[in-house]
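One file, run.txt, carrying compact mmCIF, C-alpha atoms and all ligand atoms:
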# COMPACT_ATOMS: atom_id res chain seq x y z
CA MET A 1 0.00 0.00 0.00
CA GLU A 2 2.81 2.34 1.02
CA ARG A 3 4.66 1.45 -2.21
CA LEU A 4 1.55 2.31 -4.22
CA THR A 5 1.21 5.72 -2.52
CA ARG A 6 4.89 6.44 -3.20
CA ARG A 7 4.43 5.50 -6.87
CA ALA A 8 1.38 7.76 -7.14
CA ALA A 9 3.35 10.64 -5.57
CA ALA A 10 6.25 10.09 -8.02
CA ALA A 11 3.83 9.96 -10.94
CA SER A 12 2.13 13.18 -9.88
CA LEU A 13 5.55 14.87 -9.45
CA LEU A 14 6.53 13.76 -12.95
CA LEU A 15 3.23 15.04 -14.36
CA THR A 16 3.70 18.43 -12.65
CA LEU A 17 7.23 18.65 -14.08
CA LEU A 18 5.96 17.79 -17.56
CA LEU A 19 3.14 20.33 -17.34
CA GLY A 20 5.62 22.96 -16.12
CA MET A 21 7.90 22.29 -19.10
CA LEU A 22 4.96 22.43 -21.50
CA TYR A 23 3.83 25.78 -20.04
CA TYR A 24 7.38 27.18 -20.35
CA ILE A 25 7.63 26.07 -24.00
CA THR A 26 4.22 27.54 -24.99
CA GLN A 27 5.00 30.82 -23.21
CA SER A 28 8.33 31.27 -24.98
CA ILE A 29 6.67 30.53 -28.34
CA ARG A 30 4.04 33.20 -27.55
CA VAL A 31 6.67 35.80 -26.60
CA GLU A 32 8.71 35.04 -29.72
CA SER A 33 5.71 35.42 -32.02
CA LEU A 34 4.69 38.70 -30.37
CA GLU A 35 8.22 40.01 -30.85
CA GLU A 36 8.01 38.96 -34.47
CA VAL A 37 4.74 40.87 -34.85
CA THR A 38 6.16 44.09 -33.40
CA LYS A 39 9.59 43.98 -35.03
CA ILE A 40 10.54 47.21 -36.80
CA PRO A 41 13.43 47.11 -39.27
CA ALA A 42 16.22 49.66 -39.16
CA ASP A 43 14.71 51.80 -41.91
CA GLY A 44 11.14 51.05 -40.88
CA ARG A 45 10.10 50.68 -44.51
CA SER A 46 9.25 47.01 -44.64
CA ASP A 47 8.69 44.31 -42.08
CA THR A 48 8.21 40.63 -41.85
CA HIS A 49 5.44 39.69 -39.52
CA SER A 50 3.01 36.91 -38.86
CA ARG A 51 -0.60 37.49 -39.89
CA VAL A 52 -3.53 36.69 -37.68
CA SER A 53 -5.46 33.90 -39.23
CA ASP A 54 -9.01 34.60 -40.41
CA VAL A 55 -11.84 33.85 -38.03
CA ARG A 56 -13.92 30.78 -38.73
CA LEU A 57 -16.93 31.76 -40.83
CA THR A 58 -19.43 29.54 -39.07
CA SER A 59 -23.05 30.22 -39.87
CA PRO A 60 -26.02 28.85 -37.95
CA ASP A 61 -27.85 25.96 -39.58
CA HIS A 62 -31.28 26.82 -41.10
CA LEU A 63 -30.58 30.55 -41.31
CA GLN A 64 -33.01 32.06 -43.82
CA TYR A 65 -31.49 34.44 -46.33
CA LYS A 66 -31.58 35.25 -50.05
CA GLN A 67 -29.60 32.78 -52.09
CA PRO A 68 -26.32 34.31 -53.31
CA SER A 69 -25.36 34.27 -56.99
CA VAL A 70 -21.95 34.17 -58.63
CA VAL A 71 -23.23 35.41 -61.98
CA HIS A 72 -25.51 38.23 -60.89
CA GLY A 73 -24.45 41.07 -58.67
CA ARG A 74 -23.01 44.52 -58.87
CA THR A 75 -21.40 45.25 -62.21
CA ASP A 76 -20.80 48.98 -61.74
CA VAL A 77 -17.96 48.52 -59.23
CA VAL A 78 -15.07 46.14 -58.66
CA SER A 79 -15.51 44.13 -55.47
CA VAL A 80 -12.15 42.39 -55.24
CA THR A 81 -8.58 43.72 -55.48
CA PRO A 82 -5.89 42.09 -57.66
CA TRP A 83 -4.49 40.53 -54.47
CA LEU A 84 -7.94 39.07 -53.76
CA ALA A 85 -9.03 41.25 -50.87
CA PRO A 86 -12.76 42.07 -50.85
CA VAL A 87 -13.77 45.65 -51.63
CA VAL A 88 -16.89 46.24 -49.57
CA TRP A 89 -19.77 48.01 -51.32
CA GLU A 90 -23.48 47.98 -50.56
CA GLY A 91 -24.93 44.95 -52.32
CA THR A 92 -21.78 42.81 -52.04
CA PHE A 93 -22.62 41.36 -48.62
CA ASN A 94 -25.65 40.16 -46.73
CA PRO A 95 -25.88 41.93 -43.34
CA VAL A 96 -28.11 39.21 -41.86
CA LEU A 97 -25.59 36.52 -42.75
CA ILE A 98 -22.61 38.62 -41.66
CA ASP A 99 -24.17 39.34 -38.26
CA SER A 100 -25.12 35.72 -37.73
CA ILE A 101 -21.48 34.74 -38.28
CA TYR A 102 -19.83 37.40 -36.14
CA LYS A 103 -22.29 38.01 -33.29
CA PRO A 104 -21.90 34.58 -31.69
CA GLN A 105 -18.13 35.12 -31.63
CA ASN A 106 -18.63 37.92 -29.12
CA VAL A 107 -15.96 40.06 -30.80
CA SER A 108 -14.80 43.22 -29.10
CA VAL A 109 -14.20 46.27 -31.27
CA ALA A 110 -12.12 49.21 -30.04
CA VAL A 111 -12.45 52.66 -31.62
CA THR A 112 -10.09 55.59 -31.29
CA VAL A 113 -11.20 59.16 -31.86
CA PHE A 114 -9.26 62.35 -31.17
CA ALA A 115 -10.95 65.58 -30.13
CA VAL A 116 -8.20 68.06 -29.37
CA GLY A 117 -8.67 71.85 -29.15
CA LYS A 118 -11.74 73.10 -31.02
CA TYR A 119 -12.41 69.66 -32.52
CA ILE A 120 -14.14 68.81 -29.24
CA MET A 121 -17.24 70.45 -30.77
CA PHE A 122 -17.61 67.50 -33.18
CA LEU A 123 -17.53 64.81 -30.51
CA LYS A 124 -21.16 64.78 -29.33
CA SER A 125 -22.77 64.14 -32.71
CA PHE A 126 -19.99 61.74 -33.66
CA LEU A 127 -20.73 59.64 -30.56
CA GLU A 128 -24.50 59.91 -30.88
CA THR A 129 -24.58 58.77 -34.50
CA MET A 130 -22.00 56.09 -33.77
CA GLU A 131 -24.39 54.66 -31.20
CA GLN A 132 -27.10 54.45 -33.89
CA TYR A 133 -25.10 52.88 -36.72
CA PHE A 134 -21.69 51.52 -35.72
CA PHE A 135 -21.54 47.81 -34.82
CA VAL A 136 -25.01 47.86 -33.29
CA GLY A 137 -25.43 44.87 -30.97
CA PHE A 138 -21.65 44.29 -30.64
CA ASN A 139 -19.16 45.00 -27.87
CA VAL A 140 -17.70 48.40 -28.67
CA HIS A 141 -15.19 50.32 -26.55
CA VAL A 142 -14.59 53.91 -27.66
CA TYR A 143 -11.35 55.60 -26.55
CA VAL A 144 -11.68 59.39 -26.72
CA PHE A 145 -8.35 61.20 -26.73
CA THR A 146 -8.72 64.82 -25.71
CA ASP A 147 -7.05 67.73 -23.93
CA GLN A 148 -10.44 68.70 -22.41
CA PRO A 149 -11.77 65.65 -20.54
CA LYS A 150 -14.36 67.77 -18.70
CA ASP A 151 -16.02 68.68 -21.99
CA VAL A 152 -16.54 65.15 -23.17
CA PRO A 153 -20.33 64.94 -23.60
CA GLU A 154 -22.40 62.32 -21.83
CA VAL A 155 -23.89 60.02 -24.39
CA ARG A 156 -26.15 57.12 -23.43
CA VAL A 157 -24.74 53.87 -24.71
CA ALA A 158 -26.33 50.43 -25.04
CA ALA A 159 -25.25 47.42 -23.00
CA GLY A 160 -21.89 46.06 -24.14
CA ARG A 161 -20.68 49.49 -25.18
CA GLN A 162 -18.40 51.78 -23.19
CA LEU A 163 -16.31 54.91 -23.44
CA THR A 164 -12.95 55.75 -21.90
CA VAL A 165 -11.38 59.20 -21.94
CA ARG A 166 -7.60 59.55 -22.30
CA LEU A 167 -5.86 62.84 -21.68
CA VAL A 168 -3.51 64.05 -24.41
CA PRO A 169 -1.54 67.27 -24.67
CA SER A 170 -2.68 70.00 -27.02
CA SER A 171 -0.46 71.32 -29.78
CA LYS A 172 0.01 74.53 -31.70
CA ARG A 173 0.15 72.62 -35.00
CA TRP A 174 -2.80 70.61 -36.36
CA GLN A 175 -0.35 68.56 -38.39
CA GLU A 176 1.22 67.36 -35.14
CA ILE A 177 -2.15 66.54 -33.53
CA SER A 178 -3.17 64.52 -36.56
CA ALA A 179 0.16 62.71 -36.96
CA ARG A 180 0.73 61.97 -33.28
CA ARG A 181 -2.37 59.81 -33.37
CA MET A 182 -0.17 56.99 -34.69
CA GLU A 183 2.02 57.06 -31.58
CA LEU A 184 -0.92 57.27 -29.18
CA ILE A 185 -2.81 54.47 -30.90
CA GLN A 186 0.34 52.33 -30.82
CA VAL A 187 0.63 52.85 -27.06
CA LEU A 188 -3.09 52.21 -26.52
CA ILE A 189 -2.83 48.89 -28.36
CA GLU A 190 0.19 47.88 -26.26
CA GLU A 191 -1.91 48.48 -23.14
CA THR A 192 -5.13 46.85 -24.33
CA LEU A 193 -3.88 44.10 -26.64
CA HIS A 194 -5.73 41.39 -24.78
CA HIS A 195 -8.99 43.31 -24.29
CA HIS A 196 -10.14 43.66 -27.91
CA ASP A 197 -10.11 41.74 -31.18
CA TYR A 198 -10.34 44.60 -33.67
CA ILE A 199 -9.75 48.34 -33.72
CA PHE A 200 -10.92 51.21 -35.95
CA CYS A 201 -9.26 54.64 -35.90
CA LEU A 202 -11.59 57.41 -37.02
CA ASP A 203 -11.62 61.17 -37.59
CA VAL A 204 -13.97 63.04 -35.24
CA ASP A 205 -15.32 65.59 -37.70
CA ALA A 206 -17.66 63.11 -39.34
CA LEU A 207 -21.08 61.58 -38.74
CA PHE A 208 -22.50 58.11 -39.23
CA HIS A 209 -25.51 57.92 -41.56
CA GLY A 210 -25.81 54.19 -42.25
CA ARG A 211 -24.77 50.77 -41.07
CA TRP A 212 -21.08 50.22 -40.41
CA GLY A 213 -20.85 46.66 -39.12
CA ALA A 214 -18.99 43.36 -39.06
CA GLU A 215 -18.66 43.32 -42.86
CA SER A 216 -15.77 45.75 -42.26
CA LEU A 217 -13.76 43.36 -40.07
CA GLY A 218 -10.45 42.08 -41.32
CA GLY A 219 -6.74 41.74 -40.54
CA LEU A 220 -5.72 45.06 -42.08
CA VAL A 221 -8.54 47.33 -43.24
CA ALA A 222 -8.18 50.43 -45.42
CA VAL A 223 -10.81 52.85 -46.72
CA LEU A 224 -10.71 54.23 -50.27
CA HIS A 225 -10.41 58.01 -50.16
CA PRO A 226 -13.64 59.53 -51.57
CA GLY A 227 -11.74 62.20 -53.46
CA TYR A 228 -9.43 59.94 -55.48
CA TYR A 229 -10.98 56.53 -56.02
CA LYS A 230 -11.46 57.06 -59.75
CA ASP A 231 -8.11 58.71 -60.42
CA GLY A 232 -5.00 57.36 -62.10
CA ARG A 233 -1.72 57.01 -60.21
CA SER A 234 -0.28 60.31 -61.38
CA ARG A 235 -3.14 62.21 -59.70
CA LEU A 236 -2.94 60.48 -56.32
CA PRO A 237 -1.53 62.83 -53.66
CA PHE A 238 1.17 60.45 -52.39
CA GLU A 239 4.39 61.85 -50.98
CA ARG A 240 6.58 62.36 -54.04
CA ARG A 241 9.89 63.48 -52.49
CA PRO A 242 12.38 60.59 -52.32
CA GLN A 243 13.88 62.07 -49.13
CA SER A 244 10.75 61.10 -47.19
CA ARG A 245 10.12 57.59 -45.91
CA ALA A 246 6.57 57.96 -47.25
CA TYR A 247 7.92 58.31 -50.81
CA MET A 248 5.95 56.68 -53.60
CA ALA A 249 7.50 56.52 -57.08
CA PRO A 250 5.32 57.45 -60.08
CA GLU A 251 4.77 53.76 -60.91
CA ASP A 252 3.83 52.87 -57.29
CA GLY A 253 0.42 52.75 -55.65
CA ASP A 254 -2.77 50.72 -55.88
CA PHE A 255 -5.32 53.14 -54.44
CA TYR A 256 -5.24 56.26 -52.29
CA TYR A 257 -6.49 55.45 -48.78
CA CYS A 258 -7.90 57.75 -46.07
CA GLY A 259 -6.03 58.74 -42.96
CA GLY A 260 -9.45 59.41 -41.41
CA ALA A 261 -10.53 55.77 -41.13
CA PHE A 262 -8.51 52.58 -40.97
CA GLY A 263 -8.44 49.50 -38.78
CA GLY A 264 -8.03 45.77 -38.45
CA SER A 265 -6.85 43.31 -35.85
CA LEU A 266 -4.96 44.77 -32.92
CA GLN A 267 -1.70 43.12 -34.02
CA GLU A 268 -1.92 44.46 -37.57
CA VAL A 269 -2.88 47.99 -36.53
CA HIS A 270 -0.13 47.93 -33.92
CA LEU A 271 2.45 47.20 -36.60
CA LEU A 272 0.94 49.84 -38.90
CA THR A 273 0.91 52.59 -36.27
CA LYS A 274 4.35 51.69 -34.94
CA THR A 275 5.87 51.77 -38.44
CA CYS A 276 4.12 55.02 -39.46
CA ARG A 277 5.15 56.68 -36.20
CA TYR A 278 8.75 55.49 -36.62
CA ASN A 279 8.93 56.78 -40.19
CA PHE A 280 7.17 60.08 -39.41
CA GLU A 281 9.59 60.76 -36.53
CA ALA A 282 12.66 59.68 -38.52
CA ASP A 283 11.57 62.05 -41.31
CA ALA A 284 11.07 64.85 -38.76
CA ARG A 285 14.63 64.37 -37.46
CA GLU A 286 15.80 64.93 -41.01
CA GLY A 287 13.62 68.03 -41.36
CA ILE A 288 10.95 66.62 -43.67
CA GLU A 289 7.20 66.25 -43.13
CA ALA A 290 5.25 64.18 -45.66
CA ALA A 291 2.65 66.00 -47.75
CA TRP A 292 -0.30 64.56 -45.81
CA GLN A 293 1.48 63.69 -42.58
CA GLU A 294 0.52 60.26 -41.23
CA GLU A 295 -1.89 59.70 -44.14
CA SER A 296 1.11 59.69 -46.51
CA HIS A 297 2.92 57.16 -44.30
CA LEU A 298 -0.22 55.04 -44.06
CA ASN A 299 -0.44 54.99 -47.86
CA ARG A 300 3.19 53.93 -48.14
CA TYR A 301 2.56 51.19 -45.55
CA MET A 302 -0.56 49.90 -47.37
CA TRP A 303 1.36 49.79 -50.64
CA ILE A 304 3.84 47.32 -49.13
CA HIS A 305 1.46 45.55 -46.75
CA LYS A 306 -1.68 45.13 -48.82
CA PRO A 307 -4.89 45.52 -46.82
CA SER A 308 -6.80 42.27 -46.42
CA LYS A 309 -10.08 44.17 -46.72
CA VAL A 310 -10.76 47.44 -48.57
CA LEU A 311 -13.80 49.51 -47.67
CA SER A 312 -15.44 51.53 -50.44
CA PRO A 313 -15.86 55.31 -50.05
CA GLU A 314 -19.30 54.57 -48.53
CA TYR A 315 -17.25 54.21 -45.32
CA LEU A 316 -15.86 57.74 -45.48
CA TRP A 317 -17.61 60.12 -47.79
CA GLN A 318 -17.45 63.92 -47.67
CA ASP A 319 -20.58 66.02 -47.16
CA PHE A 320 -19.42 68.64 -49.65
CA ALA A 321 -19.03 66.09 -52.47
CA ARG A 322 -21.76 65.24 -54.95
CA ARG A 323 -22.93 61.69 -54.41
CA ASN A 324 -21.83 59.49 -57.33
CA PRO A 325 -24.25 56.83 -58.63
CA GLU A 326 -22.10 53.91 -57.40
CA ILE A 327 -22.39 55.24 -53.86
CA ARG A 328 -25.69 53.60 -52.94
CA ILE A 329 -25.38 54.40 -49.26
CA ILE A 330 -23.30 56.83 -47.24
CA ARG A 331 -22.30 55.20 -43.98
CA PHE A 332 -19.87 57.76 -42.56
CA SER A 333 -19.16 61.21 -43.93
CA GLY A 334 -16.91 64.13 -43.10
CA ILE A 335 -18.77 67.31 -42.28
CA VAL A 336 -18.06 70.60 -43.96
CA LYS A 337 -15.80 72.67 -41.74
CA ASN A 338 -14.03 75.97 -41.91
CA TYR A 339 -10.41 75.07 -41.24
CA ALA A 340 -9.48 78.66 -40.35
CA ASP A 341 -12.02 78.58 -37.48
CA ILE A 342 -11.10 75.27 -35.91
CA ARG A 343 -7.41 74.59 -36.44
CA PRO A 344 -4.76 76.03 -34.10
CA ASN A 345 -2.65 77.09 -37.10
CA VAL A 346 -3.20 77.62 -40.82
C1 LIG A 401 -7.17 64.37 -43.77
C2 LIG A 401 -7.54 63.04 -43.13
C3 LIG A 401 -7.00 63.01 -41.71
C4 LIG A 401 -5.50 63.20 -41.70
C5 LIG A 401 -5.17 64.50 -42.42
C6 LIG A 401 -3.67 64.64 -42.66
C7 LIG A 401 -9.63 62.07 -43.97
C8 LIG A 401 -11.08 62.24 -44.07
N1 LIG A 401 -8.99 62.94 -43.16
O1 LIG A 401 -8.09 65.31 -43.15
O2 LIG A 401 -7.31 61.78 -41.09
O3 LIG A 401 -4.87 62.08 -42.29
O4 LIG A 401 -5.77 64.58 -43.70
O5 LIG A 401 -3.02 64.99 -41.51
O6 LIG A 401 -9.05 61.17 -44.55
N2 LIG A 401 -7.63 66.81 -34.78
C9 LIG A 401 -7.97 67.38 -33.55
N3 LIG A 401 -7.67 68.67 -33.33
C10 LIG A 401 -7.06 69.47 -34.27
C11 LIG A 401 -6.73 68.90 -35.51
C12 LIG A 401 -7.03 67.58 -35.75
O7 LIG A 401 -8.52 66.70 -32.69
O8 LIG A 401 -6.83 70.65 -33.98
C13 LIG A 401 -7.93 65.40 -35.01
C14 LIG A 401 -9.41 65.15 -35.26
O9 LIG A 401 -9.76 63.87 -34.81
C15 LIG A 401 -9.52 65.21 -36.78
C16 LIG A 401 -8.21 64.55 -37.18
O10 LIG A 401 -7.25 64.93 -36.18
O11 LIG A 401 -10.68 64.55 -37.24
C17 LIG A 401 -7.69 64.91 -38.56
O12 LIG A 401 -7.56 66.30 -38.71
P1 LIG A 401 -8.37 67.07 -39.85
O13 LIG A 401 -9.74 66.55 -39.90
O14 LIG A 401 -8.19 68.53 -39.67
O15 LIG A 401 -7.58 66.60 -41.13
P2 LIG A 401 -8.01 66.77 -42.69
O16 LIG A 401 -9.38 67.34 -42.80
O17 LIG A 401 -6.93 67.50 -43.41

Output the file's structure in the form of structure tokens.
Ligand code: UD2
Amino acid sequence: MERLTRRAAAASLLLTLLLGMLYYITQSIRVESLEEVTKIPADGRSDTHSRVSDVRLTSPDHLQYKQPSVVHGRTDVVSVTPWLAPVVWEGTFNPVLIDSIYKPQNVSVAVTVFAVGKYIMFLKSFLETMEQYFFVGFNVHVYVFTDQPKDVPEVRVAAGRQLTVRLVPSSKRWQEISARRMELIQVLIEETLHHHDYIFCLDVDALFHGRWGAESLGGLVAVLHPGYYKDGRSRLPFERRPQSRAYMAPEDGDFYYCGGAFGGSLQEVHLLTKTCRYNFEADAREGIEAAWQEESHLNRYMWIHKPSKVLSPEYLWQDFARRNPEIRIIRFSGIVKNYADIRPNV
């Protein structure tokens, strides 16, 4: 009997040792892969990194929805890029099906929005319309970055949604406020990596007018700029000076993407923001600021690291622009503003 007890004790000791070794091995693999994800090369222009794998697209059995077709559909727009990323337009997805796939996964979506200086005036309607249209029925955590926390309006939010205010310094240059977002988003992701699955980074001077939901989720998500989506390469406002790390040669460029809306998985957006920040700051040390600040660096980044999902200009239109026929719905749109009145500098 005593021998049996001793054997059991030895076996349990061995098991504990084995489990301990297994834990150690899995932890070091995790740390290594995280380091791989966040690695920035010396020049910050290109990286190797592991991609998050796609989520399983599991749909409930017996879900009723219109049968899809592969021969009928939208013919006025292109809904896939040459690298086979979907381009999301109204009519290319079924919201009922999309929601039935993503809702059971209980995904958490973080949003960043900056309201510094006079831009605080845009925050209330941004938040109110977001509540009506953005990921309704999902877990959404909005991070408001502002220099005036007391003036953040109280907006009633549904269950599963919350808002956190983060204090940021003001600046005398709007270019700096806009560009520093990359650094602050990078830091936010480092602090909240395990709390959320996806993140979207949005301009504050815009309102939601239509559904923006789980159809927009992806590893790396870019939005086509409403002002340039029909233009040829030579007309795209990329940074054209070779001295800048945002430089795009005349033969470079797929599309011109917005700085006002981008997103993806936390890992992908972390790498994007870290690289853009690195390149923006390295340029600044050499006395050069890209034509459209962080938007230029984002466009350079997306040229090398192709977005896995591209959102049509429905996802960031501009109120002053005439609505083109292919824009069947406006989901989010920049409001008309008088720059001289709201920016700290001209
Ligand atoms: C474009 C981009 C913007 C950014 C900028 C280049 C779109 C629709 N917008 O817009 O994202 O890439 O070019 O730098 O693609 N902000 C403040 N306080 C300020 C100034 C800016 O909070 O005093 C924040 C605010 O969240 C605002 C954002 O920075 O929405 C971008 O600034 P903007 O809207 O003035 O930039 P804009 O219109 O040139």

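Among A:Glu251, A:Asp61, A:Glu289, A:Glu326, the residue with the shortest atom-to-atom distance to A:Gln175, counting only C-alpha atoms, is A:Glu289.
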
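For the choices A:Gly259, A:Pro82, A:Pro325, A:Gly137, the atom-to-atom distance to ligand LIG 401 (chain A) is smallest for A:Gly259 when using only C-alpha atoms and all ligand atoms.
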
Q: With a distance cut-off of 12 Å and only C-alpha atoms, select the neighbouring residues of A:Phe255, excluding the residue or stretch itself and same-chain residues fewer than 6 positions from it, and output the selection as a ChimeraX atom specification.
A: /A:81-82,87,222-238,248,298-300,302-303,306-307,310-313

Q.
So that I can see what lies close to stretch 64-76 of chain A, please list as a list in words the residues with an atom at most 12 Å from it, counting all atoms listed in the file and leaving out residues fewer than 2 positions away in the same chain.
A. Ser59, Pro60, Asp61, His62, Val78, Ser79, Val80, Val87, Val88, Trp89, Glu90, Gly91, Thr92, Phe93, Asn94, Pro95, Val96, Leu97, Ile98, Asp99, Ser100, Asn324, Pro325, Glu326, Ile327 and Arg328 of chain A

**Q.** Spatial neighbours of A:Gln186, max dist 7 Å, only C-alpha atoms, sep filter under 6 positions, as a VMD selection string
**A.** chain A and resid 270 273 to 274

Q: Please extract the residues at most 7 Å from ligand LIG 401 (chain A), counting only C-alpha atoms and all ligand atoms, and provide them as a PyMOL selection string, using the chain letters and residue numbers of this document.
A: chain A and resi 113-120+174-175+177-179+203-205+225+258-261+292-295+316+334+342-344

Write out, as a short mmCIF file (atom, residue, chain, number, x, y, z; two decimals), keeping the file's coordinate frame, the residues just selected, with C-alpha atoms.
data_model
loop_
_atom_site.label_atom_id
_atom_site.label_comp_id
_atom_site.auth_asym_id
_atom_site.auth_seq_id
_atom_site.Cartn_x
_atom_site.Cartn_y
_atom_site.Cartn_z
CA VAL A 113 -11.20 59.16 -31.86
CA PHE A 114 -9.26 62.35 -31.17
CA ALA A 115 -10.95 65.58 -30.13
CA VAL A 116 -8.20 68.06 -29.37
CA GLY A 117 -8.67 71.85 -29.15
CA LYS A 118 -11.74 73.10 -31.02
CA TYR A 119 -12.41 69.66 -32.52
CA ILE A 120 -14.14 68.81 -29.24
CA TRP A 174 -2.80 70.61 -36.36
CA GLN A 175 -0.35 68.56 -38.39
CA ILE A 177 -2.15 66.54 -33.53
CA SER A 178 -3.17 64.52 -36.56
CA ALA A 179 0.16 62.71 -36.96
CA ASP A 203 -11.62 61.17 -37.59
CA VAL A 204 -13.97 63.04 -35.24
CA ASP A 205 -15.32 65.59 -37.70
CA HIS A 225 -10.41 58.01 -50.16
CA CYS A 258 -7.90 57.75 -46.07
CA GLY A 259 -6.03 58.74 -42.96
CA GLY A 260 -9.45 59.41 -41.41
CA ALA A 261 -10.53 55.77 -41.13
CA TRP A 292 -0.30 64.56 -45.81
CA GLN A 293 1.48 63.69 -42.58
CA GLU A 294 0.52 60.26 -41.23
CA GLU A 295 -1.89 59.70 -44.14
CA LEU A 316 -15.86 57.74 -45.48
CA GLY A 334 -16.91 64.13 -43.10
CA ILE A 342 -11.10 75.27 -35.91
CA ARG A 343 -7.41 74.59 -36.44
CA PRO A 344 -4.76 76.03 -34.10
#

Q. Suppose you want the space between atom CA of A:Asn106 and atom CA of A:Val165; what is it in Å?
A.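 Distance between the two atoms: 23.6 Å.
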
(Q) Here is a test: counting only C-alpha atoms, which residue of A:Gly210, A:Ser108, A:Ala290, A:Lys309 is nearest to A:Ile329? (A)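 Among A:Gly210, A:Ser108, A:Ala290, A:Lys309, it is A:Gly210 that comes nearest to A:Ile329.
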
Q: Would you mind reading off the distance between atom CA of A:Ala206 and atom CA of A:Gln318, one decimal, in Å?
A: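 According to the coordinates, atom CA of A:Ala206 and atom CA of A:Gln318 are separated by 8.4 Å.
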
(Q) What's the separation between atom CA of A:Gln132 and atom CA of A:Ala159, in Å to one decimal place? (A)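 We find that atom CA of A:Gln132 and atom CA of A:Ala159 lie 13.1 Å from each other.
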
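Closest to A:Pro86 among A:Asp319, A:Glu314, A:Glu215, A:Glu281 is A:Glu215, based on only C-alpha atoms.
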